[in-house]
Every structure is written in C-alpha cells, then in structure tokens.
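Source file: data_23.txt. Holds: compact mmCIF, C-alpha atoms.
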```txt
# COMPACT_ATOMS: atom_id res chain seq x y z
CA MET A 10 0.00 0.00 0.00
CA MET A 11 1.21 3.51 -0.80
CA LYS A 12 0.98 6.75 1.12
CA ARG A 13 -0.71 9.74 -0.47
CA ASP A 14 2.10 12.14 0.30
CA GLN A 15 4.63 9.72 -1.23
CA CYS A 16 2.60 9.65 -4.43
CA PHE A 17 2.27 13.43 -4.46
CA ARG A 18 6.01 13.90 -3.96
CA ILE A 19 6.61 11.75 -7.03
CA LEU A 20 3.95 13.64 -8.96
CA ALA A 21 5.44 16.98 -7.93
CA ARG A 22 8.71 16.06 -9.64
CA HIS A 23 6.84 15.88 -12.95
CA ILE A 24 4.78 19.06 -12.58
CA LYS A 25 5.72 22.09 -14.68
CA ASP A 26 3.01 24.60 -15.61
CA GLU A 27 -0.04 22.40 -15.08
CA ALA A 28 -3.03 23.62 -13.10
CA VAL A 29 -3.59 21.30 -10.14
CA VAL A 30 -7.03 21.06 -8.53
CA SER A 31 -7.05 19.55 -5.05
CA THR A 32 -9.52 19.22 -2.23
CA TYR A 33 -9.54 18.78 1.55
CA SER A 34 -6.98 16.13 2.63
CA SER A 35 -5.43 15.98 -0.83
CA ALA A 36 -5.14 19.76 -0.79
CA VAL A 37 -3.46 19.78 2.62
CA ASP A 38 -0.83 17.30 1.43
CA TRP A 39 -0.37 18.84 -2.02
CA VAL A 40 -0.03 22.44 -0.86
CA GLU A 41 2.59 21.41 1.68
CA ILE A 42 4.55 19.45 -0.91
CA ASN A 43 4.23 21.87 -3.81
CA PRO A 44 2.98 25.37 -2.91
CA ARG A 45 2.52 27.39 -6.12
CA PRO A 46 0.04 29.86 -7.64
CA LEU A 47 -1.26 27.25 -10.09
CA ASN A 48 -2.84 25.26 -7.28
CA TYR A 49 -6.64 25.51 -7.42
CA LEU A 50 -8.16 24.72 -4.05
CA SER A 51 -11.62 23.21 -4.32
CA ILE A 52 -12.97 23.72 -0.83
CA GLY A 53 -16.54 24.51 0.20
CA ALA A 54 -18.58 22.02 -1.80
CA MET A 55 -17.17 18.52 -1.48
CA GLY A 56 -17.26 16.47 -4.65
CA LEU A 57 -17.04 19.27 -7.16
CA ASP A 58 -13.26 19.16 -7.66
CA SER A 59 -13.65 16.99 -10.76
CA SER A 60 -16.19 19.47 -12.15
CA HIS A 61 -13.94 22.45 -11.39
CA GLY A 62 -11.17 20.60 -13.21
CA LEU A 63 -13.41 19.99 -16.19
CA GLY A 64 -14.30 23.68 -16.41
CA LEU A 65 -10.64 24.66 -16.23
CA ALA A 66 -9.70 22.09 -18.86
CA LEU A 67 -12.45 23.22 -21.25
CA GLY A 68 -11.49 26.86 -20.81
CA ARG A 69 -7.79 26.31 -21.51
CA PRO A 70 -7.43 23.31 -23.86
CA ASP A 71 -3.79 24.31 -24.35
CA LYS A 72 -3.02 23.76 -20.66
CA ARG A 73 -2.91 20.47 -18.79
CA VAL A 74 -5.18 20.24 -15.75
CA ILE A 75 -4.61 17.69 -13.00
CA VAL A 76 -7.30 16.82 -10.45
CA LEU A 77 -6.32 15.33 -7.09
CA GLN A 78 -9.58 14.04 -5.66
CA GLY A 79 -10.35 11.90 -2.64
CA ASP A 80 -12.53 8.81 -2.77
CA GLY A 81 -15.23 10.30 -0.55
CA SER A 82 -15.28 13.36 -2.75
CA LEU A 83 -15.58 11.42 -5.99
CA LEU A 84 -18.41 9.34 -4.53
CA MET A 85 -20.35 12.58 -4.06
CA ASN A 86 -19.98 13.39 -7.75
CA LEU A 87 -19.70 10.06 -9.59
CA GLY A 88 -21.76 11.45 -12.45
CA SER A 89 -18.90 13.80 -13.24
CA LEU A 90 -17.00 10.79 -14.60
CA VAL A 91 -19.68 10.39 -17.26
CA THR A 92 -19.74 14.11 -18.04
CA ILE A 93 -15.95 14.28 -18.31
CA ALA A 94 -15.77 11.19 -20.50
CA ALA A 95 -18.46 12.57 -22.82
CA LEU A 96 -16.58 15.84 -23.32
CA ALA A 97 -13.23 14.01 -23.47
CA PRO A 98 -10.86 16.87 -22.64
CA LYS A 99 -7.45 15.72 -23.85
CA ASN A 100 -5.73 17.90 -21.27
CA LEU A 101 -7.33 16.44 -18.12
CA VAL A 102 -5.65 13.95 -15.77
CA HIS A 103 -7.82 12.79 -12.89
CA PHE A 104 -6.35 11.11 -9.81
CA VAL A 105 -8.37 9.74 -6.93
CA ALA A 106 -6.55 8.92 -3.70
CA GLN A 107 -8.47 5.95 -2.36
CA ASN A 108 -7.96 5.52 1.37
CA ASP A 109 -11.47 4.14 1.89
CA SER A 110 -12.43 6.93 4.24
CA TYR A 111 -13.88 10.39 4.59
CA GLU A 112 -10.61 11.53 6.12
CA ALA A 113 -11.53 15.19 6.53
CA ASN A 114 -14.71 14.23 8.39
CA GLY A 115 -13.35 12.01 11.11
CA SER A 116 -11.95 9.20 8.95
CA GLN A 117 -15.29 7.44 8.78
CA PRO A 118 -15.36 4.66 6.18
CA ILE A 119 -16.79 5.15 2.70
CA PRO A 120 -19.88 3.00 2.02
CA ASN A 121 -17.99 0.31 0.11
CA PRO A 122 -14.18 0.09 0.26
CA LYS A 123 -14.27 -2.51 -2.51
CA VAL A 124 -15.34 0.07 -5.06
CA ASP A 125 -13.25 0.01 -8.25
CA PHE A 126 -13.00 3.64 -9.31
CA ALA A 127 -10.75 2.94 -12.29
CA GLY A 128 -13.29 0.36 -13.45
CA ILE A 129 -16.09 2.91 -13.16
CA ALA A 130 -14.04 5.51 -15.03
CA ARG A 131 -13.28 2.95 -17.74
CA GLY A 132 -16.97 2.16 -18.05
CA ALA A 133 -17.78 5.87 -18.19
CA GLY A 134 -15.47 6.23 -21.18
CA TYR A 135 -12.18 7.73 -20.00
CA ALA A 136 -9.43 7.41 -22.59
CA ALA A 137 -7.05 5.60 -20.22
CA CYS A 138 -7.44 4.23 -16.71
CA TYR A 139 -4.88 3.07 -14.14
CA ASP A 140 -5.02 1.53 -10.71
CA PHE A 141 -1.87 1.87 -8.61
CA SER A 142 -1.13 0.20 -5.32
CA ASP A 143 2.64 -0.11 -5.70
CA LEU A 144 4.77 3.01 -5.38
CA LYS A 145 7.55 1.77 -7.63
CA ASN A 146 5.07 0.96 -10.38
CA PHE A 147 3.49 4.40 -9.99
CA GLU A 148 6.90 6.04 -10.19
CA GLN A 149 7.74 4.10 -13.35
CA GLN A 150 4.51 4.99 -15.12
CA ILE A 151 3.79 8.54 -14.02
CA ALA A 152 5.68 10.29 -16.82
CA HIS A 153 3.91 8.25 -19.50
CA LEU A 154 0.56 8.74 -17.77
CA LEU A 155 0.95 12.53 -17.71
CA GLU A 156 1.87 12.67 -21.40
CA GLN A 157 -1.12 10.67 -22.62
CA GLU A 158 -4.12 12.18 -24.30
CA GLY A 159 -6.91 12.50 -21.77
CA PRO A 160 -9.09 12.19 -20.08
CA VAL A 161 -6.81 9.96 -18.04
CA PHE A 162 -7.91 8.47 -14.74
CA ALA A 163 -5.76 6.89 -12.04
CA THR A 164 -6.65 5.40 -8.69
CA LEU A 165 -3.95 5.72 -6.05
CA ARG A 166 -4.60 3.09 -3.38
CA VAL A 167 -3.20 4.70 -0.27
CA GLU A 168 -3.18 4.17 3.46
CA PRO A 169 -5.12 6.55 5.67
CA SER A 170 -2.65 9.23 6.64
CA LYS A 171 -1.77 10.50 10.09
CA PRO A 172 -4.20 13.15 11.38
CA LEU A 173 -3.79 16.23 9.22
CA LYS A 174 -3.98 19.85 10.28
CA TYR A 175 -6.66 21.56 8.22
CA ASP A 176 -5.91 25.27 8.01
CA TYR A 177 -9.24 26.29 6.47
CA ARG A 178 -8.44 29.99 6.67
CA SER A 179 -5.55 29.38 4.30
CA LEU A 180 -7.47 26.91 2.13
CA TYR A 181 -10.34 29.40 1.69
CA ASP A 182 -8.03 32.39 1.16
CA PRO A 183 -9.46 34.55 -1.68
CA GLU A 184 -5.96 35.82 -2.42
CA LYS A 185 -4.99 32.29 -3.41
CA ARG A 186 -7.90 32.17 -5.87
CA GLN A 187 -6.82 35.51 -7.33
CA ALA A 188 -3.21 34.31 -7.59
CA PHE A 189 -4.44 31.20 -9.37
CA LYS A 190 -6.50 33.29 -11.79
CA THR A 191 -3.52 35.44 -12.69
CA ALA A 192 -1.23 32.44 -13.13
CA PHE A 193 -3.81 30.47 -15.09
CA ALA A 194 -4.41 33.39 -17.46
CA SER A 195 -0.70 33.65 -18.23
CA ARG A 196 0.21 32.35 -21.68
CA THR A 197 3.91 32.10 -20.93
CA MET B 14 -62.39 44.01 -24.95
CA ASP B 15 -62.23 43.91 -28.73
CA ALA B 16 -60.40 41.20 -30.62
CA LEU B 17 -57.33 43.36 -31.28
CA ALA B 18 -57.01 44.34 -27.62
CA GLU B 19 -57.46 40.71 -26.60
CA GLY B 20 -54.74 39.73 -29.03
CA VAL B 21 -52.35 42.35 -27.68
CA ALA B 22 -53.09 41.27 -24.12
CA ALA B 23 -52.51 37.63 -25.02
CA ASN B 24 -49.20 38.44 -26.73
CA ALA B 25 -48.14 40.41 -23.68
CA ARG B 26 -48.49 37.20 -21.70
CA GLU B 27 -46.25 35.17 -23.99
CA LEU B 28 -42.61 34.26 -23.67
CA HIS B 29 -40.64 33.32 -26.77
CA GLY B 30 -37.51 31.21 -26.64
CA ALA B 31 -35.92 33.03 -29.56
CA GLY B 32 -35.86 36.28 -27.62
CA ILE B 33 -34.26 34.63 -24.60
CA ILE B 34 -31.64 32.94 -26.75
CA ALA B 35 -30.83 36.25 -28.46
CA ALA B 36 -30.38 37.84 -25.02
CA ILE B 37 -28.11 34.98 -23.91
CA LYS B 38 -25.96 35.46 -27.00
CA ALA B 39 -25.84 39.20 -26.52
CA SER B 40 -24.51 38.52 -23.02
CA GLY B 41 -21.44 36.79 -24.40
CA ILE B 42 -22.41 33.35 -23.16
CA GLN B 43 -20.43 30.61 -24.91
CA TYR B 44 -21.24 27.57 -22.77
CA ILE B 45 -24.64 26.25 -21.80
CA LEU B 46 -24.46 23.76 -18.92
CA ALA B 47 -27.70 21.85 -18.68
CA VAL B 48 -29.83 19.19 -17.14
CA PRO B 49 -33.13 18.88 -19.04
CA ASP B 50 -36.06 20.79 -17.56
CA ILE B 51 -39.54 20.38 -19.01
CA VAL B 52 -40.24 24.13 -18.67
CA THR B 53 -37.33 25.08 -20.94
CA SER B 54 -36.81 21.84 -22.88
CA SER B 55 -38.48 22.64 -26.19
CA GLY B 56 -38.28 26.43 -26.13
CA LEU B 57 -34.64 26.80 -25.03
CA LEU B 58 -32.61 23.61 -24.69
CA ALA B 59 -33.69 22.05 -27.99
CA PRO B 60 -32.82 25.09 -30.12
CA ILE B 61 -29.63 25.71 -28.12
CA ALA B 62 -28.56 22.12 -28.85
CA CYS B 63 -28.72 22.94 -32.57
CA ASP B 64 -27.11 26.36 -32.31
CA LYS B 65 -23.46 26.48 -33.32
CA ASP B 66 -22.91 29.68 -31.37
CA PHE B 67 -23.09 27.68 -28.14
CA ARG B 68 -21.17 24.76 -26.72
CA LEU B 69 -23.73 22.67 -24.89
CA VAL B 70 -22.47 20.62 -21.93
CA ARG B 71 -24.97 18.04 -20.76
CA VAL B 72 -24.25 17.05 -17.17
CA CYS B 73 -25.58 14.26 -14.96
CA LYS B 74 -26.53 16.37 -11.95
CA GLU B 75 -27.06 20.07 -11.53
CA ASP B 76 -24.34 20.81 -8.98
CA GLU B 77 -21.72 19.75 -11.52
CA CYS B 78 -22.68 22.89 -13.42
CA ILE B 79 -21.58 25.10 -10.54
CA GLY B 80 -18.08 23.63 -10.55
CA ILE B 81 -17.76 23.69 -14.34
CA ALA B 82 -18.96 27.29 -14.61
CA SER B 83 -16.55 28.30 -11.87
CA GLY B 84 -13.66 26.58 -13.66
CA LEU B 85 -14.58 28.22 -16.96
CA SER B 86 -14.68 31.65 -15.34
CA TYR B 87 -10.94 31.42 -14.65
CA SER B 88 -10.31 31.62 -18.38
CA ASP B 89 -13.00 34.30 -18.83
CA LYS B 90 -15.35 31.91 -20.59
CA ARG B 91 -18.98 32.78 -19.89
CA ALA B 92 -21.43 30.03 -19.06
CA LEU B 93 -25.15 29.85 -18.39
CA ILE B 94 -26.59 27.04 -16.28
CA LEU B 95 -29.97 25.85 -17.54
CA ILE B 96 -31.80 23.76 -14.93
CA GLN B 97 -35.12 23.15 -13.21
CA TYR B 98 -35.87 24.55 -9.76
CA THR B 99 -35.65 21.05 -8.29
CA GLY B 100 -32.02 20.89 -9.45
CA PHE B 101 -31.44 24.37 -8.11
CA LEU B 102 -32.64 23.18 -4.71
CA ASP B 103 -30.47 20.09 -4.99
CA SER B 104 -27.42 22.29 -5.67
CA LEU B 105 -27.88 24.73 -2.81
CA ASN B 106 -24.67 23.80 -1.01
CA ALA B 107 -22.61 24.28 -4.16
CA ILE B 108 -24.37 27.59 -4.81
CA ARG B 109 -23.76 28.60 -1.21
CA GLY B 110 -20.11 27.60 -1.14
CA ILE B 111 -18.88 28.42 -4.62
CA ALA B 112 -21.26 30.97 -6.09
CA VAL B 113 -22.14 33.08 -3.06
CA GLU B 114 -19.28 32.71 -0.56
CA TYR B 115 -16.54 32.59 -3.21
CA LYS B 116 -18.26 35.38 -5.17
CA GLN B 117 -18.12 33.56 -8.48
CA PRO B 118 -20.03 34.71 -11.59
CA ILE B 119 -22.41 31.77 -11.68
CA CYS B 120 -25.40 32.54 -13.93
CA MET B 121 -28.38 30.24 -13.61
CA MET B 122 -31.58 30.07 -15.65
CA VAL B 123 -34.07 28.13 -13.58
CA GLY B 124 -37.36 26.73 -14.84
CA LEU B 125 -40.18 27.03 -12.33
CA LEU B 126 -41.88 23.72 -12.96
CA GLY B 127 -45.60 23.80 -12.33
CA HIS B 128 -45.70 27.53 -11.83
CA ASP B 129 -48.82 29.45 -12.87
CA PRO B 130 -47.37 32.55 -14.55
CA GLU B 131 -50.43 34.58 -13.63
CA VAL B 132 -49.50 34.22 -9.95
CA ALA B 133 -46.42 35.64 -8.25
CA PRO B 134 -43.98 32.82 -7.42
CA ARG B 135 -44.11 33.74 -3.72
CA ALA B 136 -47.86 33.17 -3.81
CA SER B 137 -47.69 29.91 -5.70
CA PRO B 138 -49.75 27.06 -4.27
CA ARG B 139 -46.73 24.86 -5.10
CA TYR B 140 -44.41 24.72 -2.11
CA GLY B 141 -41.32 24.14 -4.23
CA VAL B 142 -41.97 27.23 -6.36
CA ARG B 143 -43.08 29.37 -3.41
CA ILE B 144 -39.78 28.98 -1.56
CA ILE B 145 -37.38 29.81 -4.41
CA GLU B 146 -37.35 33.61 -4.22
CA PRO B 147 -37.19 33.68 -0.39
CA ILE B 148 -34.26 31.24 -0.50
CA CYS B 149 -32.48 33.48 -3.02
CA ASP B 150 -33.15 36.50 -0.79
CA ASP B 151 -31.84 34.74 2.31
CA MET B 152 -28.71 33.68 0.44
CA GLY B 153 -28.12 37.16 -0.95
CA LEU B 154 -28.47 35.76 -4.44
CA ALA B 155 -29.75 38.22 -7.06
CA HIS B 156 -32.78 36.92 -8.96
CA HIS B 157 -35.07 38.08 -11.74
CA LEU B 158 -38.38 36.67 -12.90
CA ILE B 159 -38.68 36.11 -16.66
CA SER B 160 -42.34 35.35 -17.39
CA VAL B 161 -43.21 37.41 -20.45
CA ASP B 162 -41.33 38.80 -23.43
CA ALA B 163 -41.14 42.19 -21.72
CA ASP B 164 -38.97 40.55 -19.02
CA VAL B 165 -36.35 39.35 -21.51
CA GLY B 166 -34.66 42.73 -21.34
CA LYS B 167 -33.56 41.85 -17.80
CA ILE B 168 -31.33 39.01 -18.96
CA GLN B 169 -28.35 40.74 -20.52
CA PRO B 170 -27.88 43.36 -17.77
CA ALA B 171 -28.15 40.63 -15.12
CA ILE B 172 -25.48 38.48 -16.77
CA GLU B 173 -23.22 41.46 -17.47
CA ARG B 174 -23.51 42.51 -13.83
CA ALA B 175 -22.76 38.97 -12.62
CA TYR B 176 -19.51 38.85 -14.59
CA HIS B 177 -18.55 42.45 -13.91
CA GLU B 178 -19.12 42.18 -10.16
CA SER B 179 -18.16 38.49 -9.93
CA GLU B 180 -21.38 37.43 -8.26
CA PRO B 181 -24.09 34.84 -8.98
CA VAL B 182 -27.53 35.48 -10.44
CA ALA B 183 -30.66 33.38 -10.88
CA LEU B 184 -33.00 34.06 -13.80
CA LEU B 185 -36.30 32.39 -12.95
CA ILE B 186 -38.28 31.23 -15.96
CA GLY B 187 -41.93 31.53 -14.98
CA ARG B 188 -43.56 30.27 -18.14
CA ARG B 189 -42.70 27.74 -20.83
CA PRO B 190 -40.89 29.69 -23.54
CA LYS B 191 -42.44 29.11 -26.94
CA PRO B 192 -40.16 27.48 -29.46
CA SER B 193 -39.74 29.26 -32.75
CA SER B 194 -41.48 27.60 -35.68
CA ARG B 195 -38.12 26.47 -37.08
CA THR B 196 -37.24 24.45 -34.00
CA SER B 197 -40.61 23.26 -32.78
CA PRO B 198 -41.23 19.55 -33.34
```

Take the structure in the file and give it back as structure tokens.
Amino acid sequence: MMKRDQCFRILARHIKDEAVVSTYSSAVDWVEINPRPLNYLSIGAMGLDSSHGLGLALGRPDKRVIVLQGDGSLLMNLGSLVTIAALAPKNLVHFVAQNDSYEANGSQPIPNPKVDFAGIARGAGYAACYDFSDLKNFEQQIAHLLEQEGPVFATLRVEPSKPLKYDYRSLYDPEKRQAFKTAFASRT
Amino acid sequence: MDALAEGVAANARELHGAGIIAAIKASGIQYILAVPDIVTSSGLLAPIACDKDFRLVRVCKEDECIGIASGLSYSDKRALILIQYTGFLDSLNAIRGIAVEYKQPICMMVGLLGHDPEVAPRASPRYGVRIIEPICDDMGLAHHLISVDADVGKIQPAIERAYHESEPVALLIGRRPKPSSRTSP
C-alpha cells in the first residue's frame, strides 16, 4: 500500500506549468509538498473538484489540468466521470486517492471500500485508466501517464494518513484564488 | 375588450424562446451547462442544442454545473446554467459555497416547474416554487423573474452585472418559452 504524500512527492517532480485542482486532505498534502500559484483549491462544496477541473480544462485546452480528488469526494460526484468522458478533454488527468475513508470528516469509512473507481471511469469512457497500489510501479509509469491524451484516470490506493492539520483559513483564502486566476491566465 | 385588444393582451403574456436565446448570445455566453427541464426543454434547450454559437455541456446532476462554470470563469469563458428549480434546490450547497461565498459569476436560468405565470412565485400554491425567491433572498443571491417577453430585457444586464461584479444570479423562468417555428417539433 502507498501513502498519499509519497505519491504526491513523485507527482510533484513531474509538474511544470499544469493547473492542479485539489480538495480537503489531498489539498493539505499537495499544498505542503508543492505550494505554487497554479494550485486551485476546491474547498466549500465537497465532490465538485472533478467538475472544477473539467471547467478549467475546457477553458484552456492548451493547458494540462490535473485533479487530485479523494474517494469520498468522488463518490459525491460520480456522475462527473460520465460528463468528463463525454466531453473528453485531452488535457485532463484525474487522480483519486483511495484511502477508503472520509478523512476530513473524522476518517469514517466510505460505504464500500471494494469500489473500483478505475473500473467505473473505464466504463464511463475515460481514454485511459490506471489503478496503482505499488509506489515503484506508480513512479515508473507517471511520466507516460501525464503525457497521454486524456481524459486519463488513475486510482492511487493509499493508506489513511496520520491526522492532518486543516488550516481552512488558508485553504479558503481569496488571495490564493486571485493568484491562481492570474497564473492560469498567463500564456507564458 | 375587442379582438385586437385581446390579441395584444394575449401576446403580452407570452414568452418566446428566440428572444431569450438572443439575449443569452448578446450577453457573451459561450457555454450552456444543462440538465433537461420540461419548462425550458423545447423552447430553449432544444434550439440551443442545434445552435453552433453555443457549446452545450450536458451534465448528470445540476451541482456539476456550478463547478464547471466556476472553472470556466478562470479563463473568462462565460457560461449559463440551464436547470429546473428542483435541481437548483439540490445544488444549494454548491451555490452557497462556490457561487455566493466565493463570489463567483455563476449565472443560472431556472425553470419554475408547475408555476402558474399569472401568480407571483411567492404566492404559488406549489411549495417548491413558493420557496425559491425567499431562498435566493436569504442567500443574498440576485434573482429576476422572466415570465413574459417584456422581461427578456432583464437578462443581458443581469449576466453582465454577474460577470462584472463576480457574483451569482438566478433568472427564474416563470412560463414555458415558446419554441420558434423552425425548431418546434
């Protein structure tokens, strides 16, 4: 089993000018590992991170958009897989960190830990789907995964992490949204 | 009332989809994000689906629209969400969190299913319709009732304001817009 922050550290080594959408626990880890203006924090309406990512990807087809979603979050917006697959944005890469729990809400279990998100995404019509539970395998395939035409989906099977510190004032900070807007609008 | 006066009065109580669509275009809307709504299905969604000036995004559930419209706004792409009031109610947390608290330019066109256009929505015998405007008021969400052709002039200023001020707006469709003869089945 992998750890989410290990996966994100590997991912961070491959990130250049991509927009990265993250939410709740994924956002806490990602922002600590890779603080940058092109981080889009999807806080306030759990589940919509994949939809935010779709909107960003449609608006800037020249720019790659990466979504870092949690399993509890995706379960609240499973239909977005169908919507994304139908629109087929080539520039969208969609990760779900599956730790089988609503980590930000007391680490209560999701309804069915056996759920196969990559299988659902495949059935919805994503261009490519992966399911990683081995860190070395993830590390070997990440560069290829990020270069593929999307929409690409990847499950990261991870352990529940240690209790995280959720700094909601920082996660909600409107200045971060403005900084993202400026960075996302840049064509350089 | 003579026949001419009756005709004028009847026309004054009509709402034509073509006029609404022209107002949406004049507002710079490129994306229509929609879940089918029987109030607007034939008069708006059907012709929009055939209109090359729009990119229609059909979603599975209404709250997806809030996230997509928010994402699009970061590249200055204008979107209009076309849904039924039931979907509006289902999306209230997304509207609260993203549209209102984050001050995002989320523009919604909401069909008032079952509404009698001769009655004010607040006085509707239908509970679901009756609560929409008070909910908008309590949330600080600007709203406008579009029930007759004379109301169509409210659309463009409302959308322009939403994008200029970065704030949400709800355009409540109080009557089934008539399809134009070219698009009616």

Atom pair atom CA of Lys190 of chain A / atom CA of Phe101 of chain B: separation (Å):
26.7 Å

Using all atoms listed in the file, determine which residues of chain B fall within 6 Å of chain A; present them as a list of chain:residue names.
B:Val72, B:Cys73, B:Glu77, B:Gly80, B:Ile81, B:Gly84, B:Leu85, B:Tyr87, B:Ser88, B:Ala107, B:Gly110

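Computed from the coordinates, the atom CA of Phe104 of chain A to atom CA of Ile111 of chain B distance equals 22.0 Å.
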
What's around segment 37-40 of chain B at 7 Å? Count only C-alpha atoms, leave out sequence neighbours fewer than 2 positions away in its own chain, and write the answer as a VMD selection string.
chain B and resid 33 to 35 42 169 172 to 173

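The space separating atom CA of His156 of chain B from atom CA of Glu180 of chain B comes to 11.4 Å.
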
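Among A:Val124, A:Leu83, A:Leu101, A:Leu50, the residue with the shortest atom-to-atom distance to Arg178 of chain A, counting only C-alpha atoms, is A:Leu50.
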
Select, from A:Arg131, A:Lys145, A:Arg196, A:Lys99, the residue with the minimum atom-to-atom distance to Phe162 of chain A, counting all atoms listed in the file.
A:Arg131

Neighbouring residues of Leu165 of chain A were defined as those with any atom within 9 Å, considering all atoms listed in the file; residues of the same chain fewer than 4 positions away were excluded. Please report them as a VMD selection string.
chain A and resid 11 to 13 16 104 to 108 139 to 143 147

Give me the box for segment 133-141 of chain B as lines of an AutoDock Vina configuration file, namely the centre and edge lengths in Å to one decimal of a box along x, y and z that holds every listed atom plus 3 Å on each side.
```
center_x = -45.5
center_y = 29.9
center_z = -5.2
size_x = 14.4
size_y = 17.5
size_z = 12.1
```

Which one of B:Ala175, B:Lys167, B:Ile94, B:Asp162 sits closest to Asn24 of chain B if you count all atoms listed in the file?
B:Asp162

Find the residues around Leu58 of chain B up to 9 Å (only C-alpha atoms counted), leave out those fewer than 2 positions away in its own chain, and share them as a short mmCIF file (atom, residue, chain, number, x, y, z; two decimals) with C-alpha atoms, in the coordinates of the input.
```cif
data_model
loop_
_atom_site.label_atom_id
_atom_site.label_comp_id
_atom_site.auth_asym_id
_atom_site.auth_seq_id
_atom_site.Cartn_x
_atom_site.Cartn_y
_atom_site.Cartn_z
CA ILE B 45 -24.64 26.25 -21.80
CA ALA B 47 -27.70 21.85 -18.68
CA PRO B 49 -33.13 18.88 -19.04
CA ASP B 50 -36.06 20.79 -17.56
CA THR B 53 -37.33 25.08 -20.94
CA SER B 54 -36.81 21.84 -22.88
CA SER B 55 -38.48 22.64 -26.19
CA GLY B 56 -38.28 26.43 -26.13
CA PRO B 60 -32.82 25.09 -30.12
CA ILE B 61 -29.63 25.71 -28.12
CA ALA B 62 -28.56 22.12 -28.85
CA CYS B 63 -28.72 22.94 -32.57
CA LEU B 69 -23.73 22.67 -24.89
CA LEU B 95 -29.97 25.85 -17.54
#
```

Polymer residues at most 12 Å from Ser137 of chain B, only C-alpha atoms, same-chain spacing of 5 or more positions, as a VMD selection string
chain B and resid 125 to 132 142 to 146 187

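Within the 10 Å cut-off around Ser104 of chain B, using all atoms listed in the file and omitting residues fewer than 6 positions from it on the same chain, the listed residues are Ala54 of chain A; Lys74, Glu75, Asp76, Glu77, Cys78, Ile79 and Tyr98 of chain B.
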
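Compared by their closest atoms to Ala133 of chain B, and using only C-alpha atoms, the residues B:Pro118, B:Leu185, B:Arg174, B:Gln97 rank with B:Leu185 nearest.
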
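Among the candidates B:Cys149, B:Ala92, B:Ile159, B:Ile168, the one nearest to Arg26 of chain B when counting all atoms listed in the file is B:Ile159.
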